[in-house]
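Next up, work.txt (compact mmCIF, C-alpha atoms):
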# COMPACT_ATOMS: atom_id res chain seq x y z
CA MET A 218 0.00 0.00 0.00
CA GLU A 219 1.24 3.47 -0.73
CA VAL A 220 1.26 6.11 2.01
CA GLY A 221 -1.85 8.00 0.95
CA GLN A 222 -3.83 4.80 0.86
CA MET A 223 -2.62 3.80 4.32
CA GLN A 224 -3.49 7.21 5.67
CA ARG A 225 -6.99 6.94 4.30
CA ALA A 226 -7.32 3.49 5.78
CA TRP A 227 -6.16 4.85 9.12
CA VAL A 228 -8.76 7.64 9.11
CA GLU A 229 -11.50 5.20 8.16
CA TYR A 230 -10.47 2.68 10.79
CA THR A 231 -10.13 5.25 13.57
CA ARG A 232 -13.54 6.67 12.75
CA SER A 233 -15.10 3.22 12.83
CA LEU A 234 -13.67 2.60 16.31
CA PHE A 235 -15.30 5.77 17.60
CA ARG A 236 -18.52 5.09 15.75
CA GLU A 237 -18.84 1.59 17.11
CA GLY A 238 -18.18 2.76 20.65
CA PHE A 239 -14.89 0.93 21.19
CA LEU A 240 -13.20 4.24 21.85
CA ASP A 241 -14.43 7.60 23.08
CA ALA A 242 -13.20 11.19 23.07
CA GLN A 243 -10.56 10.43 25.70
CA PHE A 244 -8.61 8.46 23.09
CA GLN A 245 -8.55 11.59 20.95
CA GLN A 246 -7.03 13.40 23.91
CA LEU A 247 -4.22 10.86 23.92
CA GLN A 248 -3.70 11.29 20.19
CA LEU A 249 -3.57 15.02 20.72
CA LEU A 250 -0.77 14.61 23.25
CA GLN A 251 1.38 12.74 20.75
CA ASP A 252 3.77 14.88 18.73
CA GLU A 253 7.24 14.82 17.19
CA SER A 254 8.86 15.01 20.59
CA ASN A 255 6.74 12.06 21.76
CA PRO A 256 6.02 9.98 18.69
CA ASP A 257 5.22 6.82 20.66
CA PHE A 258 3.07 8.28 23.39
CA VAL A 259 -0.17 6.52 22.41
CA ALA A 260 1.56 3.18 21.87
CA GLU A 261 3.27 3.45 25.28
CA VAL A 262 0.10 4.28 27.17
CA VAL A 263 -1.83 1.61 25.33
CA SER A 264 0.74 -1.04 26.16
CA LEU A 265 0.62 -0.01 29.82
CA PHE A 266 -3.12 -0.45 29.61
CA PHE A 267 -2.68 -3.98 28.23
CA GLU A 268 -0.33 -4.98 31.05
CA ASP A 269 -2.56 -3.44 33.68
CA SER A 270 -5.72 -4.99 32.28
CA GLU A 271 -4.34 -8.49 32.00
CA ARG A 272 -3.09 -8.41 35.56
CA LEU A 273 -6.46 -7.14 36.77
CA LEU A 274 -8.38 -9.74 34.78
CA ALA A 275 -6.25 -12.51 36.23
CA ASP A 276 -6.74 -11.14 39.75
CA LEU A 277 -10.49 -10.82 39.25
CA THR A 278 -10.77 -14.34 37.88
CA PHE A 279 -8.88 -15.64 40.88
CA VAL A 280 -10.91 -13.73 43.48
CA LEU A 281 -14.22 -14.77 41.90
CA GLU A 282 -13.19 -18.43 41.93
CA GLN A 283 -12.86 -18.51 45.73
CA GLN A 284 -15.38 -20.16 48.05
CA ASN A 285 -15.87 -16.98 50.00
CA ILE A 286 -15.69 -14.11 47.62
CA ASP A 287 -14.08 -10.98 48.98
CA PHE A 288 -16.30 -8.39 47.30
CA LYS A 289 -14.19 -5.56 48.62
CA LYS A 290 -11.26 -6.92 46.66
CA VAL A 291 -13.40 -7.41 43.57
CA ASP A 292 -14.59 -3.83 43.82
CA ALA A 293 -11.05 -2.51 44.26
CA HIS A 294 -9.89 -4.32 41.10
CA VAL A 295 -12.90 -3.23 39.07
CA HIS A 296 -12.44 0.33 40.30
CA GLN A 297 -8.87 0.29 39.00
CA PHE A 298 -9.96 -1.24 35.73
CA LYS A 299 -12.62 1.41 35.30
CA GLY A 300 -10.00 4.09 35.94
CA SER A 301 -7.48 2.80 33.43
CA SER A 302 -10.06 2.08 30.74
CA SER A 303 -11.54 5.54 31.08
CA SER A 304 -8.05 7.09 30.98
CA ILE A 305 -7.34 5.56 27.60
CA GLY A 306 -10.90 5.91 26.30
CA ALA A 307 -11.79 2.21 26.05
CA GLN A 308 -15.45 3.02 26.34
CA ARG A 309 -17.02 -0.44 26.22
CA VAL A 310 -14.66 -1.78 28.86
CA LYS A 311 -15.36 1.22 31.05
CA ASN A 312 -19.12 0.71 30.75
CA ASP A 313 -18.75 -2.97 31.61
CA CYS A 314 -16.85 -1.95 34.74
CA ILE A 315 -19.64 0.37 35.83
CA ALA A 316 -22.17 -2.46 35.60
CA PHE A 317 -19.71 -4.79 37.29
CA ARG A 318 -19.39 -2.51 40.31
CA ASN A 319 -23.15 -2.42 40.74
CA PHE A 320 -23.35 -6.22 40.95
CA CYS A 321 -20.42 -6.16 43.28
CA GLU A 322 -22.19 -3.78 45.59
CA GLU A 323 -25.21 -6.11 45.64
CA GLN A 324 -22.81 -9.02 46.23
CA ASN A 325 -24.47 -10.69 43.26
CA ILE A 326 -22.11 -13.54 42.33
CA GLU A 327 -23.97 -14.51 39.15
CA GLY A 328 -23.96 -10.91 37.98
CA CYS A 329 -20.28 -10.50 38.79
CA LEU A 330 -19.35 -13.62 36.84
CA ARG A 331 -21.36 -12.48 33.86
CA CYS A 332 -19.68 -9.08 34.00
CA LEU A 333 -16.27 -10.68 34.18
CA GLN A 334 -16.99 -12.60 30.96
CA GLN A 335 -18.31 -9.47 29.29
CA VAL A 336 -15.40 -7.29 30.32
CA LYS A 337 -12.91 -9.97 29.21
CA GLN A 338 -14.57 -10.20 25.82
CA ASP A 339 -14.69 -6.44 25.33
CA TYR A 340 -11.13 -6.01 26.54
CA TYR A 341 -9.68 -8.55 24.09
CA LEU A 342 -11.75 -7.04 21.31
CA VAL A 343 -10.52 -3.49 21.92
CA LYS A 344 -7.01 -4.82 22.39
CA SER A 345 -6.96 -6.32 18.93
CA LYS A 346 -8.44 -3.15 17.46
CA LEU A 347 -5.85 -0.96 19.16
CA GLU A 348 -3.04 -3.24 18.08
CA ALA A 349 -4.23 -3.05 14.49
CA LEU A 350 -4.48 0.73 14.69
CA ILE A 351 -0.98 1.11 16.10
CA ARG A 352 0.44 -1.30 13.52
CA LEU A 353 -1.09 0.81 10.79
CA GLU A 354 0.39 3.97 12.33
CA GLN A 355 3.82 2.38 12.44
CA GLN A 356 3.53 1.36 8.79
CA ILE A 357 2.58 4.91 7.81
CA VAL A 358 5.53 6.37 9.71
CA ALA A 359 7.91 3.72 8.33
CA ALA A 360 6.81 4.66 4.82
CA GLY A 361 7.71 8.28 5.55
CA GLY A 362 4.16 9.53 6.09
CA SER A 363 2.56 11.27 9.03
CA ILE A 364 -0.59 10.42 10.95
CA PRO A 365 -3.37 12.52 9.42
CA MET A 366 -4.85 13.64 12.76
CA GLU A 367 -6.49 16.73 11.28
CA GLU A 368 -8.59 14.57 8.92
CA LEU A 369 -10.38 13.02 11.88
CA SER A 370 -12.16 16.24 12.73
CA SER A 371 -13.43 16.90 9.22
CA MET B 239 14.81 32.14 40.30
CA ALA B 240 11.38 33.54 41.04
CA ILE B 241 12.72 36.95 40.08
CA THR B 242 13.14 36.18 36.39
CA GLY B 243 9.85 36.73 34.63
CA ASP B 244 6.84 34.50 34.77
CA SER B 245 7.15 32.21 31.81
CA ARG B 246 5.14 29.04 32.22
CA SER B 247 8.11 26.75 31.87
CA GLN B 248 9.26 28.06 35.21
CA PHE B 249 6.29 26.62 37.01
CA HIS B 250 7.03 23.33 38.59
CA VAL B 251 4.17 20.94 39.25
CA LEU B 252 4.32 17.90 41.52
CA ALA B 253 1.87 15.25 40.27
CA VAL B 254 0.83 12.42 42.57
CA ASP B 255 -0.99 9.31 41.33
CA ASP B 256 -0.68 5.62 42.15
CA SER B 257 -1.68 4.59 38.62
CA LEU B 258 1.19 4.48 36.16
CA ILE B 259 -1.09 5.16 33.20
CA ASP B 260 -2.50 8.23 34.89
CA ARG B 261 0.97 9.46 35.86
CA LYS B 262 2.05 9.18 32.21
CA LEU B 263 -1.05 11.03 31.17
CA ILE B 264 -0.84 13.90 33.62
CA GLU B 265 2.87 14.27 32.97
CA ARG B 266 2.26 14.59 29.24
CA LEU B 267 -0.65 16.98 29.77
CA LEU B 268 1.45 19.24 31.98
CA LYS B 269 4.50 19.12 29.75
CA THR B 270 2.40 19.92 26.70
CA SER B 271 1.23 22.96 28.63
CA SER B 272 4.93 23.84 29.19
CA TYR B 273 5.18 23.12 32.88
CA GLN B 274 8.05 21.37 34.59
CA VAL B 275 6.78 18.14 36.08
CA THR B 276 7.85 15.72 38.76
CA THR B 277 5.65 12.65 39.27
CA VAL B 278 5.50 10.39 42.32
CA ASP B 279 3.28 7.38 43.03
CA SER B 280 2.21 8.09 46.61
CA GLY B 281 1.37 10.83 49.07
CA SER B 282 4.25 9.92 51.33
CA LYS B 283 6.73 10.22 48.46
CA ALA B 284 5.20 13.59 47.65
CA LEU B 285 5.78 14.78 51.21
CA LYS B 286 9.31 13.50 51.12
CA PHE B 287 9.96 15.34 47.89
CA LEU B 288 8.58 18.51 49.47
CA GLY B 289 10.94 18.14 52.43
CA PHE B 290 8.04 17.79 54.83
CA GLN B 291 8.82 17.21 58.50
CA GLU B 292 6.16 15.86 60.80
CA ASP B 293 6.94 18.21 63.71
CA GLU B 294 6.52 21.29 61.55
CA GLN B 295 2.86 21.39 62.34
CA SER B 296 3.49 22.60 65.86
CA ASN B 297 5.60 25.51 64.65
CA THR B 298 2.66 27.63 63.66
CA ASP B 299 4.48 30.74 64.79
CA THR B 300 7.36 30.25 62.42
CA PRO B 301 6.88 32.46 59.40
CA PHE B 302 6.39 30.63 56.16
CA GLY B 303 9.63 29.87 54.44
CA SER B 304 11.91 30.18 57.43
CA PRO B 305 15.38 28.90 56.55
CA ASN B 306 15.07 25.77 58.72
CA ASN B 307 12.25 24.18 56.83
CA HIS B 308 12.63 25.69 53.42
CA GLN B 309 11.61 23.39 50.56
CA GLU B 310 14.47 21.70 48.83
CA VAL B 311 12.96 22.21 45.39
CA GLU B 312 10.47 24.86 44.53
CA VAL B 313 7.05 23.40 43.78
CA ASN B 314 4.40 25.79 42.49
CA LEU B 315 1.47 23.42 42.53
CA ILE B 316 0.56 19.93 43.68
CA ILE B 317 -1.94 17.92 41.66
CA THR B 318 -2.98 14.70 43.32
CA ASP B 319 -5.30 11.78 42.79
CA TYR B 320 -7.91 11.40 45.52
CA CYS B 321 -8.15 7.65 45.76
CA MET B 322 -4.79 6.09 46.58
CA PRO B 323 -3.84 3.23 48.89
CA GLY B 324 -2.28 4.35 52.15
CA MET B 325 -2.29 8.12 52.19
CA THR B 326 -5.19 9.45 50.11
CA GLY B 327 -5.09 12.70 48.20
CA TYR B 328 -7.23 14.19 50.92
CA ASP B 329 -4.73 13.16 53.61
CA LEU B 330 -1.94 14.70 51.56
CA LEU B 331 -3.93 17.91 51.15
CA LYS B 332 -4.43 18.10 54.91
CA LYS B 333 -0.75 17.55 55.66
CA VAL B 334 0.22 20.27 53.21
CA LYS B 335 -2.29 22.77 54.56
CA GLU B 336 -1.29 22.06 58.15
CA SER B 337 2.38 22.59 57.43
CA SER B 338 3.68 26.08 58.02
CA SER B 339 6.22 25.80 55.21
CA LEU B 340 4.01 24.10 52.61
CA ARG B 341 0.55 25.53 53.05
CA ASN B 342 1.05 28.23 50.42
CA ILE B 343 1.42 25.65 47.69
CA PRO B 344 -1.86 25.35 45.79
CA VAL B 345 -3.30 21.82 45.74
CA VAL B 346 -5.60 20.42 43.05
CA ILE B 347 -7.44 17.13 43.60
CA MET B 348 -8.34 14.71 40.80
CA SER B 349 -10.89 11.96 41.13
CA SER B 350 -12.68 9.60 38.81
CA GLU B 351 -15.77 9.77 40.97
CA ASN B 352 -18.16 12.64 41.07
CA VAL B 353 -19.08 12.60 44.75
CA PRO B 354 -20.33 16.04 45.86
CA SER B 355 -19.52 15.52 49.55
CA ARG B 356 -15.97 14.56 48.64
CA ILE B 357 -15.57 17.63 46.48
CA THR B 358 -16.87 19.89 49.23
CA ARG B 359 -14.59 18.30 51.79
CA CYS B 360 -11.52 18.89 49.61
CA LEU B 361 -12.43 22.48 48.81
CA GLU B 362 -13.09 23.22 52.47
CA GLU B 363 -9.74 21.80 53.39
CA GLY B 364 -8.12 24.30 51.03
CA ALA B 365 -7.92 22.58 47.64
CA GLU B 366 -8.00 25.11 44.81
CA GLU B 367 -9.72 22.93 42.24
CA PHE B 368 -11.31 19.54 41.86
CA PHE B 369 -10.85 17.85 38.48
CA LEU B 370 -12.86 14.89 37.35
CA LYS B 371 -10.74 12.23 35.72
CA PRO B 372 -9.75 11.73 33.01
CA VAL B 373 -8.18 15.19 33.12
CA ARG B 374 -8.15 17.06 29.82
CA LEU B 375 -5.98 19.74 28.32
CA SER B 376 -8.76 22.28 28.76
CA ASP B 377 -8.82 21.62 32.53
CA LEU B 378 -5.20 22.67 32.81
CA ASN B 379 -6.06 26.24 31.83
CA ARG B 380 -7.43 26.56 35.34
CA LEU B 381 -4.07 25.90 36.99
CA LYS B 382 -2.13 28.98 36.05
CA PRO B 383 -3.96 31.62 38.12
CA HIS B 384 -3.31 29.56 41.26
CA MET B 385 0.37 29.35 40.50
CA MET B 386 0.61 33.05 39.81
CA LYS B 387 -0.71 33.69 43.31
CA THR B 388 2.01 31.62 44.92
CA LYS B 389 4.67 33.17 42.79
CA ILE B 390 3.70 36.60 44.00
CA LYS B 391 3.65 35.46 47.60
CA ASN B 392 7.01 33.80 47.26
CA GLN B 393 8.51 36.86 45.64
CA LYS B 394 7.36 39.07 48.49
CA GLN B 395 8.75 36.67 50.93
CA GLU B 396 12.03 36.59 49.08
CA ASP B 397 12.25 40.36 49.20
CA ASP B 398 11.99 40.11 52.96
CA GLN B 399 14.81 37.67 53.24
CA GLU B 400 16.96 38.66 50.32
CA GLU B 401 20.25 38.09 52.04
CA LEU B 402 19.40 34.66 53.35
CA LYS B 403 18.02 33.47 50.07
CA ILE B 404 20.86 33.97 47.66
CA SER B 405 22.77 30.90 48.66
CA GLU B 406 19.64 28.80 48.86
CA ILE B 407 18.47 29.79 45.42
CA GLN B 408 21.74 28.62 44.00
CA SER B 409 21.56 25.30 45.72
CA ASP B 410 17.93 24.93 44.62
CA GLU B 411 18.89 25.23 41.04
CA GLN B 412 21.39 22.48 41.34
CA GLN B 413 18.72 20.21 42.70
CA GLN B 414 16.12 20.70 40.03
CA PRO B 415 15.18 17.12 39.19
CA VAL B 416 13.41 17.75 35.93
CA GLN B 417 15.75 20.04 34.09
CA PRO B 418 19.42 19.32 33.79
CA PRO B 419 21.34 22.12 35.45
CA SER B 420 22.34 24.72 32.95
CA PRO B 421 24.73 27.55 33.78
CA GLN B 422 22.31 30.26 32.67
CA PRO B 423 18.67 29.30 32.89
CA GLN B 424 16.65 31.78 30.87
CA PRO B 425 13.19 30.38 30.89
CA GLU B 426 11.49 33.54 29.73
CA SER B 427 13.25 33.34 26.39
CA GLN B 428 11.33 30.18 25.56
CA PRO B 429 8.16 30.65 23.57
CA GLN B 430 5.01 29.11 24.94
CA PRO B 431 3.96 26.52 22.43
CA GLN B 432 0.36 25.94 23.26
CA PRO B 433 -1.79 25.90 20.19
CA PRO B 434 -5.47 25.82 21.02
CA PRO B 435 -6.74 22.26 20.75
CA PRO B 436 -9.06 21.49 17.84
CA ALA B 437 -12.64 22.44 18.45
CA LEU B 438 -13.89 18.90 18.60
CA LEU B 439 -11.68 18.16 21.56
CA LEU B 440 -12.63 21.24 23.44
CA GLN B 441 -15.95 20.00 24.70
CA HIS B 442 -15.65 20.95 28.31
CA ASN B 443 -17.30 18.78 30.83
CA ASN B 444 -19.84 21.06 32.38
CA ASN B 445 -20.70 18.51 35.00
CA LYS B 446 -17.57 19.34 36.88
CA ARG B 447 -18.40 22.92 37.54
CA LYS B 448 -21.96 21.95 38.23
CA ALA B 449 -20.95 19.25 40.63
CA MET B 450 -18.71 21.66 42.43
CA GLU B 451 -21.42 24.22 42.80
CA GLU B 452 -23.90 21.69 44.00
CA GLY B 453 -21.37 20.34 46.39
CA LEU B 454 -20.70 23.66 48.04
CA SER B 455 -22.63 24.02 51.21
CA PRO B 456 -24.02 27.50 51.81
CA ASP B 457 -22.57 27.65 55.30
CA ARG B 458 -19.03 27.34 54.09
CA THR B 459 -17.48 29.85 56.42
CA ARG B 460 -14.17 28.29 57.20
CA PRO B 461 -11.38 30.42 55.80
CA ARG B 462 -9.06 28.58 53.48
CA TYR B 463 -5.84 29.92 54.79
CA ASN B 464 -6.32 30.40 58.48
CA GLY B 465 -3.08 31.02 60.23
CA ILE B 466 -1.04 32.26 57.30
CA PRO B 467 0.83 35.43 58.08
CA THR B 468 -0.37 38.11 55.71
CA MET B 469 2.16 38.89 53.07
CA VAL B 470 0.50 41.78 51.33
Spit out the file's structure as structure tokens when you get a sec.
Amino acid sequence: MEVGQMQRAWVEYTRSLFREGFLDAQFQQLQLLQDESNPDFVAEVVSLFFEDSERLLADLTFVLEQQNIDFKKVDAHVHQFKGSSSSIGAQRVKNDCIAFRNFCEEQNIEGCLRCLQQVKQDYYLVKSKLEALIRLEQQIVAAGGSIPMEELSS
Amino acid sequence: MAITGDSRSQFHVLAVDDSLIDRKLIERLLKTSSYQVTTVDSGSKALKFLGFQEDEQSNTDTPFGSPNNHQEVEVNLIITDYCMPGMTGYDLLKKVKESSSLRNIPVVIMSSENVPSRITRCLEEGAEEFFLKPVRLSDLNRLKPHMMKTKIKNQKQEDDQEELKISEIQSDEQQQPVQPPSPQPQPESQPQPQPPPPALLLQHNNNKRKAMEEGLSPDRTRPRYNGIPTMV
């Protein structure tokens, strides 16, 4: 693919992620903070989000497998997950966390387990989307192009 | 160093957050707005960085900035997360406001939860602002006026103690953690690169202001800076 084509693909793909609710305006804030002096800012924050999320998902799975579930612990993990997903703009994951916390407050085990499945599914989905987006950005830059941020607003 | 102009790059912000992602984010936001930034992951590390001593609280008679407990590094503003394990942002705020040498530093609290009683509590304890997370570039416009206030106060205070200060100022500059020491720091010569963000990103979250107003109790009579010697 030539650069112009990749740039168009990037705009189209980014727009679709917003349109389908995978990402929200907070992700645009991250993109805005990336510039020549920090060309990898989004990729760095996103990879921190992956590490954080996978640790939290493992912890949540473990806590919810116990005989006596410590709902305080569950809530603390979900609270953190909600914070990190909202900081990077992973909207679906964030919304799952909000529902999750409600079930946690009710100490509803069934509800919590359902939410865990949902949040896992949405996390891995947005992860693959973000990875694809970043790969595309790297290809554009490697081909000597720039990320056409301004096209997103038009 | 407070004597040379008021360029933004001179302002030094201490950002406190236990989440690495959020530290990255706030650091980038502040640097994009041309502030110097130091980040730490806990309230106790923040106090350590500020040179806080527990027994200071009893010295309420000591004038702010007395040579004994002068800050090691000048900090113009503290921005801290509310919800942290161990010392919360609220605990940190209280420590700062109870300390004779630190209470002039403006404190801003960030929280992902919009809890009116929490907001009120922080503002009553002397926080300057309450930001809902995630913090956006447009929120940072509200920081500067608070830093200008401190600058003026610090300058006055430096006029009072000119003689004493000269040696300290020099040693301060050697300890700046964010900027490598340069022989002739001339921060006012730097332009302030802050292009206005594109309109679509400017959507300000009106809930914040609203939440703050709702959270303010009408009988808020407690002065924010009780006990500070007047510097005017």
**Q.** Which of B:Ser355, B:Lys371, B:Val313, B:Thr388 sits closest to Leu263 of chain B [using all atoms listed in the file]
**A.** B:Lys371
Using all atoms listed in the file, which residues of chain B come within 7 Å of chain A, and what is the closest atom pair for each, with the distance in Å to one decimal? Give it as JSON lines, sorted by chain and residue number.
{"residue": "B:Ile259", "atom": "CA", "partner": "A:Val262", "partner_atom": "CA", "distance": 6.2}
{"residue": "B:Asp260", "atom": "CA", "partner": "A:Ser304", "partner_atom": "CA", "distance": 6.9}
{"residue": "B:Arg266", "atom": "CA", "partner": "A:Leu250", "partner_atom": "CA", "distance": 6.7}
{"residue": "B:Leu267", "atom": "CA", "partner": "A:Leu250", "partner_atom": "CA", "distance": 6.9}
{"residue": "B:Ser350", "atom": "CA", "partner": "A:Gly300", "partner_atom": "CA", "distance": 6.8}
{"residue": "B:Pro372", "atom": "CA", "partner": "A:Ser304", "partner_atom": "CA", "distance": 5.3}
{"residue": "B:Leu438", "atom": "CA", "partner": "A:Ser370", "partner_atom": "CA", "distance": 6.7}
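Within 12 Å of Lys337 of chain A, once all atoms listed in the file are used and residues closer than 3 positions along the same chain are dropped, the contacting residues are Phe267, Ser270, Glu271, Arg272, Leu273, Leu274, Ala275, Leu277, Thr278, Val295, Phe298, Arg309, Val310, Lys311, Asp313, Cys314, Phe317, Leu330, Arg331, Cys332, Leu333, Gln334, Tyr340, Tyr341, Leu342, Val343 and Lys344 of chain A.
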**Q.** Counting all atoms listed in the file, the option among B:Met325, B:Ala253, B:Leu370, B:Ala365 closest to Glu351 of chain B
**A.** B:Leu370
Q) Just how far from atom CA of Gln274 of chain B is atom CA of Val334 of chain B, in Å to one decimal? A)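 For atom CA of Val334 of chain B relative to atom CA of Gln274 of chain B, the distance reads 20.2 Å.
Across B:Asp377, B:Ser282, B:Leu330, B:Thr270, the tightest approach to Ser254 of chain A is made by B:Thr270 when counting only C-alpha atoms.
Interatomic distance, atom CA of Ser257 of chain B to atom CA of Val275 of chain B: 16.2 Å.
A straight line drawn from atom CA of Asn352 of chain B to atom CA of Glu322 of chain A is 17.5 Å long.
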Q.
I'd like to know which of B:Leu268, B:Leu258, B:Cys360, B:Leu252 is closest to Leu375 of chain B, using all atoms listed in the file.
A. B:Leu268
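When only C-alpha atoms are used to compute distances to Ser272 of chain B, the closest of the residues B:Met385, B:Val353, B:His250, B:Asp255 turns out to be B:His250.
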Neighbour list for Val358 of chain A as a CSV table (one decimal) with C-alpha atoms, keeping the file's coordinate frame, cut-off 10 Å, only C-alpha atoms, skip fewer than 5 positions in-chain:
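Dumped everything to around.csv:
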chain,number,residue,atom,x,y,z
A,220,VAL,CA,1.3,6.1,2.0
A,224,GLN,CA,-3.5,7.2,5.7
A,256,PRO,CA,6.0,10.0,18.7
A,352,ARG,CA,0.4,-1.3,13.5
A,353,LEU,CA,-1.1,0.8,10.8
A,363,SER,CA,2.6,11.3,9.0
A,364,ILE,CA,-0.6,10.4,11.0
Q. Quick one: residues within 12 Å of Arg225 of chain A, only C-alpha atoms counted, chain neighbours fewer than 2 positions away excluded, as a list in words?
A.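 Close residues of Arg225 of chain A: Met218, Glu219, Val220, Gly221, Gln222, Met223, Trp227, Val228, Glu229, Tyr230, Thr231, Arg232, Leu353, Glu354, Ile357, Gly362, Ser363, Ile364, Pro365, Met366, Glu368 and Leu369 of chain A.
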Set up a box along x, y and z of the file covering all listed atoms of segment 269-279 of chain B, add 6 Å on every one of the six sides, and write the centre and edge lengths in Å to one decimal, as AutoDock Vina command-line options.
--center_x 4.6 --center_y 15.6 --center_z 34.9 --size_x 18.8 --size_y 28.5 --size_z 28.3
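Every polymer residue reaching to within 8 Å of (-0.2, 10.6, 45.9), counting all atoms listed in the file, appears in this list: B:Ala253, B:Val254, B:Asp255, B:Asp256, B:Val278, B:Asp279, B:Ser280, B:Gly281, B:Ser282, B:Lys283, B:Ala284, B:Thr318, B:Asp319, B:Tyr320, B:Met322, B:Met325, B:Thr326, B:Gly327, B:Leu330.
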